[in-house]
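Q: Sharing input.pdb below, PDB, C-alpha atoms:
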ATOM      1  CA  MET A   1       0.000   0.000   0.000  1.00  0.00           C
ATOM      2  CA  ASN A   2       2.925   2.338  -0.498  1.00  0.00           C
ATOM      3  CA  PHE A   3       1.043   4.009  -3.357  1.00  0.00           C
ATOM      4  CA  THR A   4      -1.073   5.744  -0.720  1.00  0.00           C
ATOM      5  CA  LEU A   5       2.025   7.531   0.547  1.00  0.00           C
ATOM      6  CA  ASP A   6       2.767   9.153  -2.815  1.00  0.00           C
ATOM      7  CA  GLY A   7       3.113  12.893  -2.542  1.00  0.00           C
ATOM      8  CA  LEU A   8       4.457  13.012   1.014  1.00  0.00           C
ATOM      9  CA  PRO A   9       7.326  15.551   0.985  1.00  0.00           C
ATOM     10  CA  GLU A  10       9.356  13.418   3.381  1.00  0.00           C
ATOM     11  CA  LEU A  11       9.853  10.820   0.632  1.00  0.00           C
ATOM     12  CA  ASP A  12      11.825  13.295  -1.484  1.00  0.00           C
ATOM     13  CA  GLN A  13      14.391  13.921   1.250  1.00  0.00           C
ATOM     14  CA  PHE A  14      15.947  10.449   1.248  1.00  0.00           C
ATOM     15  CA  ALA A  15      19.379  10.293  -0.353  1.00  0.00           C
ATOM     16  CA  ASP A  16      18.434   7.526  -2.790  1.00  0.00           C
ATOM     17  CA  VAL A  17      15.607   5.232  -3.843  1.00  0.00           C
ATOM     18  CA  GLU A  18      17.050   2.275  -1.923  1.00  0.00           C
ATOM     19  CA  GLN A  19      16.944   4.177   1.387  1.00  0.00           C
ATOM     20  CA  ARG A  20      13.383   5.280   0.685  1.00  0.00           C
ATOM     21  CA  GLN A  21      12.238   1.748  -0.169  1.00  0.00           C
ATOM     22  CA  ARG A  22      13.907   0.306   2.933  1.00  0.00           C
ATOM     23  CA  ALA A  23      12.216   2.907   5.139  1.00  0.00           C
ATOM     24  CA  LEU A  24       8.818   2.248   3.539  1.00  0.00           C
ATOM     25  CA  LEU A  25       9.251  -1.501   4.022  1.00  0.00           C
ATOM     26  CA  GLU A  26      10.121  -1.095   7.712  1.00  0.00           C
ATOM     27  CA  ILE A  27       7.217   1.286   8.280  1.00  0.00           C
ATOM     28  CA  GLY A  28       4.855  -1.098   6.496  1.00  0.00           C
ATOM     29  CA  ARG A  29       5.938  -4.032   8.648  1.00  0.00           C
ATOM     30  CA  ALA A  30       5.439  -2.049  11.834  1.00  0.00           C
ATOM     31  CA  ALA A  31       2.054  -0.644  10.740  1.00  0.00           C
ATOM     32  CA  GLY A  32       0.716  -4.070   9.764  1.00  0.00           C
ATOM     33  CA  ASN A  33       1.565  -5.706  13.068  1.00  0.00           C
ATOM     34  CA  PRO A  34      -1.639  -6.873  14.820  1.00  0.00           C
ATOM     35  CA  LEU A  35       0.273  -7.147  18.089  1.00  0.00           C
ATOM     36  CA  LYS A  36       0.453  -3.360  18.337  1.00  0.00           C
ATOM     37  CA  PHE A  37      -2.278  -1.412  20.106  1.00  0.00           C
ATOM     38  CA  ASP A  38      -2.323   1.228  17.329  1.00  0.00           C
ATOM     39  CA  TRP A  39      -3.290  -1.455  14.817  1.00  0.00           C
ATOM     40  CA  TRP A  40      -6.390  -2.349  16.844  1.00  0.00           C
ATOM     41  CA  ILE A  41      -7.359   1.310  17.196  1.00  0.00           C
ATOM     42  CA  ALA A  42      -7.127   1.688  13.416  1.00  0.00           C
ATOM     43  CA  VAL A  43      -9.262  -1.426  12.889  1.00  0.00           C
ATOM     44  CA  GLY A  44     -11.850  -0.058  15.324  1.00  0.00           C
ATOM     45  CA  VAL A  45     -11.952   3.302  13.559  1.00  0.00           C
ATOM     46  CA  LEU A  46     -12.299   1.588  10.178  1.00  0.00           C
ATOM     47  CA  VAL A  47     -15.118  -0.709  11.337  1.00  0.00           C
ATOM     48  CA  ALA A  48     -16.976   2.110  13.105  1.00  0.00           C
ATOM     49  CA  SER A  49     -16.696   4.313  10.010  1.00  0.00           C
ATOM     50  CA  VAL A  50     -18.071   1.635   7.701  1.00  0.00           C
ATOM     51  CA  ILE A  51     -20.931   0.790  10.083  1.00  0.00           C
ATOM     52  CA  GLY A  52     -21.821   4.476  10.423  1.00  0.00           C
ATOM     53  CA  ALA A  53     -21.770   4.881   6.652  1.00  0.00           C
ATOM     54  CA  ALA A  54     -23.981   1.816   6.212  1.00  0.00           C
ATOM     55  CA  ILE A  55     -26.558   3.165   8.635  1.00  0.00           C
ATOM     56  CA  ALA A  56     -26.502   6.619   7.053  1.00  0.00           C
ATOM     57  CA  ALA A  57     -26.846   5.175   3.540  1.00  0.00           C
ATOM     58  CA  ARG A  58     -29.743   2.975   4.628  1.00  0.00           C
ATOM     59  CA  TYR A  59     -31.633   5.940   6.089  1.00  0.00           C
ATOM     60  CA  LEU A  60     -30.803   8.107   3.075  1.00  0.00           C
ATOM     61  CA  GLY A  61     -32.144   5.421   0.744  1.00  0.00           C
ATOM     62  CA  ARG A  62     -35.381   5.229   2.703  1.00  0.00           C
ATOM     63  CA  ALA A  63     -35.749   9.020   2.862  1.00  0.00           C
ATOM     64  CA  VAL A  64     -35.329   9.304  -0.902  1.00  0.00           C
ATOM     65  CA  GLY A  65     -37.747   6.419  -1.467  1.00  0.00           C
ATOM     66  CA  LEU A  66     -35.438   3.917  -3.116  1.00  0.00           C
ATOM     67  CA  ALA A  67     -36.542   0.313  -3.570  1.00  0.00           C
ATOM     68  CA  GLY A  68     -34.930  -2.406  -1.441  1.00  0.00           C
ATOM     69  CA  TRP A  69     -32.316  -3.480  -3.990  1.00  0.00           C
ATOM     70  CA  GLN A  70     -31.474   0.150  -4.785  1.00  0.00           C
ATOM     71  CA  ARG A  71     -30.893   0.855  -1.086  1.00  0.00           C
ATOM     72  CA  ASP A  72     -28.606  -2.178  -0.942  1.00  0.00           C
ATOM     73  CA  VAL A  73     -26.571  -0.995  -3.927  1.00  0.00           C
ATOM     74  CA  LEU A  74     -26.330   2.508  -2.444  1.00  0.00           C
ATOM     75  CA  GLN A  75     -25.307   1.080   0.908  1.00  0.00           C
ATOM     76  CA  MET A  76     -22.589  -1.149  -0.589  1.00  0.00           C
ATOM     77  CA  GLY A  77     -21.225   1.687  -2.710  1.00  0.00           C
ATOM     78  CA  VAL A  78     -21.104   4.121   0.193  1.00  0.00           C
ATOM     79  CA  CYS A  79     -19.516   1.510   2.481  1.00  0.00           C
ATOM     80  CA  PHE A  80     -16.849   0.699  -0.095  1.00  0.00           C
ATOM     81  CA  ALA A  81     -16.045   4.376  -0.676  1.00  0.00           C
ATOM     82  CA  VAL A  82     -15.842   5.095   3.060  1.00  0.00           C
ATOM     83  CA  PHE A  83     -13.676   2.003   3.587  1.00  0.00           C
ATOM     84  CA  VAL A  84     -11.168   3.112   0.920  1.00  0.00           C
ATOM     85  CA  VAL A  85     -11.013   6.743   2.064  1.00  0.00           C
ATOM     86  CA  VAL A  86     -10.670   5.915   5.782  1.00  0.00           C
ATOM     87  CA  LEU A  87      -8.101   3.176   5.111  1.00  0.00           C
ATOM     88  CA  ARG A  88      -5.978   5.573   3.051  1.00  0.00           C
ATOM     89  CA  GLY A  89      -6.246   8.237   5.746  1.00  0.00           C
ATOM     90  CA  LEU A  90      -5.253   5.794   8.477  1.00  0.00           C
ATOM     91  CA  HIS A  91      -2.334   4.555   6.396  1.00  0.00           C
ATOM     92  CA  ARG A  92      -1.016   8.095   5.862  1.00  0.00           C
ATOM     93  CA  TRP A  93      -1.819   9.234   9.409  1.00  0.00           C
ATOM     94  CA  GLY A  94       1.294   7.993  11.185  1.00  0.00           C
ATOM     95  CA  ALA A  95       3.485   7.562   8.123  1.00  0.00           C
ATOM     96  CA  ARG A  96       4.765  11.148   8.120  1.00  0.00           C
ATOM     97  CA  ALA A  97       6.127  10.929  11.663  1.00  0.00           C
ATOM     98  CA  ASP A  98       7.602   7.481  10.944  1.00  0.00           C
ATOM     99  CA  LEU A  99       9.274   8.779   7.769  1.00  0.00           C
ATOM    100  CA  ARG A 100      10.780  11.695   9.702  1.00  0.00           C
ATOM    101  CA  ARG A 101      12.287   9.274  12.225  1.00  0.00           C
ATOM    102  CA  LYS A 102      13.663   7.153   9.365  1.00  0.00           C
ATOM    103  CA  LEU A 103      15.190  10.280   7.812  1.00  0.00           C
ATOM    104  CA  LEU A 104      16.965  11.005  11.097  1.00  0.00           C
ATOM    105  CA  GLU A 105      18.257   7.423  11.197  1.00  0.00           C
ATOM    106  CA  ALA A 106      19.575   7.954   7.642  1.00  0.00           C
ATOM    107  CA  GLY A 107      21.409  11.103   8.754  1.00  0.00           C
ATOM    108  CA  VAL A 108      19.037  13.661   7.229  1.00  0.00           C
ATOM    109  CA  PRO A 109      18.201  16.448   9.709  1.00  0.00           C
ATOM    110  CA  VAL A 110      14.474  17.258   9.600  1.00  0.00           C
ATOM    111  CA  CYS A 111      12.131  18.877  12.087  1.00  0.00           C
ATOM    112  CA  LEU A 112      10.161  16.105  13.770  1.00  0.00           C
ATOM    113  CA  SER A 113       7.130  18.379  14.050  1.00  0.00           C
ATOM    114  CA  CYS A 114       6.717  19.714  10.519  1.00  0.00           C
ATOM    115  CA  GLY A 115       9.238  17.802   8.367  1.00  0.00           C
ATOM    116  CA  TYR A 116      11.184  20.910   7.325  1.00  0.00           C
ATOM    117  CA  SER A 117      14.699  20.102   6.103  1.00  0.00           C
ATOM    118  CA  LEU A 118      17.271  21.532   8.497  1.00  0.00           C
ATOM    119  CA  ARG A 119      20.291  20.894   6.264  1.00  0.00           C
ATOM    120  CA  GLY A 120      22.598  23.876   6.310  1.00  0.00           C
ATOM    121  CA  HIS A 121      21.103  25.394   9.463  1.00  0.00           C
ATOM    122  CA  ALA A 122      23.297  26.080  12.456  1.00  0.00           C
ATOM    123  CA  PRO A 123      23.286  23.174  14.936  1.00  0.00           C
ATOM    124  CA  ASP A 124      22.882  25.619  17.815  1.00  0.00           C
ATOM    125  CA  ALA A 125      19.555  26.920  16.454  1.00  0.00           C
ATOM    126  CA  ALA A 126      16.925  26.749  19.162  1.00  0.00           C
ATOM    127  CA  ARG A 127      13.811  26.526  16.987  1.00  0.00           C
ATOM    128  CA  CYS A 128      12.719  25.261  13.605  1.00  0.00           C
ATOM    129  CA  PRO A 129      12.567  28.185  11.160  1.00  0.00           C
ATOM    130  CA  GLU A 130       9.399  26.756   9.570  1.00  0.00           C
ATOM    131  CA  CYS A 131       7.104  25.921  12.511  1.00  0.00           C
ATOM    132  CA  GLY A 132       8.888  27.614  15.435  1.00  0.00           C
ATOM    133  CA  ARG A 133       8.934  24.531  17.648  1.00  0.00           C
ATOM    134  CA  PRO A 134      12.059  23.680  19.658  1.00  0.00           C
ATOM    135  CA  ILE A 135      14.505  21.432  17.824  1.00  0.00           C
ATOM    136  CA  ASP A 136      14.689  17.928  19.288  1.00  0.00           C
ATOM    137  CA  PRO A 137      18.078  16.892  20.748  1.00  0.00           C
ATOM    138  CA  ALA A 138      18.269  13.905  18.356  1.00  0.00           C
ATOM    139  CA  VAL A 139      17.802  16.278  15.418  1.00  0.00           C
ATOM    140  CA  ARG A 140      20.448  18.605  16.820  1.00  0.00           C
ATOM    141  CA  ALA A 141      22.915  15.693  17.025  1.00  0.00           C
ATOM    142  CA  VAL A 142      22.289  14.819  13.353  1.00  0.00           C
ATOM    143  CA  MET A 143      22.687  18.502  12.401  1.00  0.00           C
ATOM    144  CA  GLN A 144      26.060  18.638  14.163  1.00  0.00           C
ATOM    145  CA  LYS A 145      27.176  15.446  12.443  1.00  0.00           C
ATOM    146  CA  VAL A 146      26.098  16.715   8.999  1.00  0.00           C
ATOM    147  CA  ASN A 147      27.763  20.125   9.517  1.00  0.00           C
ATOM    148  CA  ALA A 148      31.004  18.446  10.698  1.00  0.00           C
ATOM    149  CA  GLU A 149      31.280  16.531   7.410  1.00  0.00           C
TER
END
Now, as a test, write the supplied structure out as structure tokens.

A:
Amino acid sequence: MNFTLDGLPELDQFADVEQRQRALLEIGRAAGNPLKFDWWIAVGVLVASVIGAAIAARYLGRAVGLAGWQRDVLQMGVCFAVFVVVLRGLHRWGARADLRRKLLEAGVPVCLSCGYSLRGHAPDAARCPECGRPIDPAVRAVMQKVNAE
């Protein structure tokens, strides 16, 4: 499901395609682990969204006066659409923060809050120039390492 992550600016900051693919693979393994509590929260959100959409579509079909089979088709279509949209949103939800951590592991200094590239900035900078949040000590260590090279 890496196609759902297309367009995230963090993907463009990896040094090469191999690093990016390795990071996406590791993130995918962690996100698909049913032993994690976050996975069960995502499943609950997905199920609740689809059930809510099914109920809403059923009532909408009755209010409009659709026949039984038409209500069923409407309900299945709405449920499928909600399933796809919510699944994509859940997949992208934590991916940005995970990609930022992978960038740090790869030696690319980025703000953990907003993803702004901190290459070329002074390692003693107190705040991110993009979002204004304090720079994390792990980011500062990567900045010092990059500037020393």

Q: Using atom CA of Val142 of chain A and atom CA of Gly107 of chain A as the two end points, give the distance in Å to one decimal.

A: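 Taking atom CA of Val142 of chain A as the start and atom CA of Gly107 of chain A as the end point, the length is 6.0 Å.
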
Q: I'd like to know which of A:Gln75, A:Ala67, A:Asp38, A:Arg127 is closest to Ala54 of chain A, using only C-alpha atoms.

A: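 Under the stated criterion, the closest residue is A:Gln75.
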
Q: For the provided coordinates, the residues matched by the PyMOL selection byres ((chain A and resi 128-134) around 12) should be stated as a list in words.

A: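 With the shown file as input, the PyMOL selection byres ((chain A and resi 128-134) around 12) matches Pro109, Val110, Cys111, Leu112, Ser113, Cys114, Gly115, Tyr116, Ser117, Leu118, Arg119, Gly120, His121, Ala122, Pro123, Asp124, Ala125, Ala126, Arg127, Ile135, Asp136, Pro137, Ala138, Val139 and Arg140 of chain A.
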
Q: Taking the file as shown, what set of residues would the PyMOL selection byres ((chain A and resi 21-34) around 8) give back, as number ranges by chain?

A: A: 2, 17-20, 35-37, 39-40, 95, 98-99, 102

Q: For atom CA of Ile51 of chain A and atom CA of Gly68 of chain A, quote the distance in Å rounded to one decimal.

A: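 Here the two named atoms are 18.4 Å from each other.
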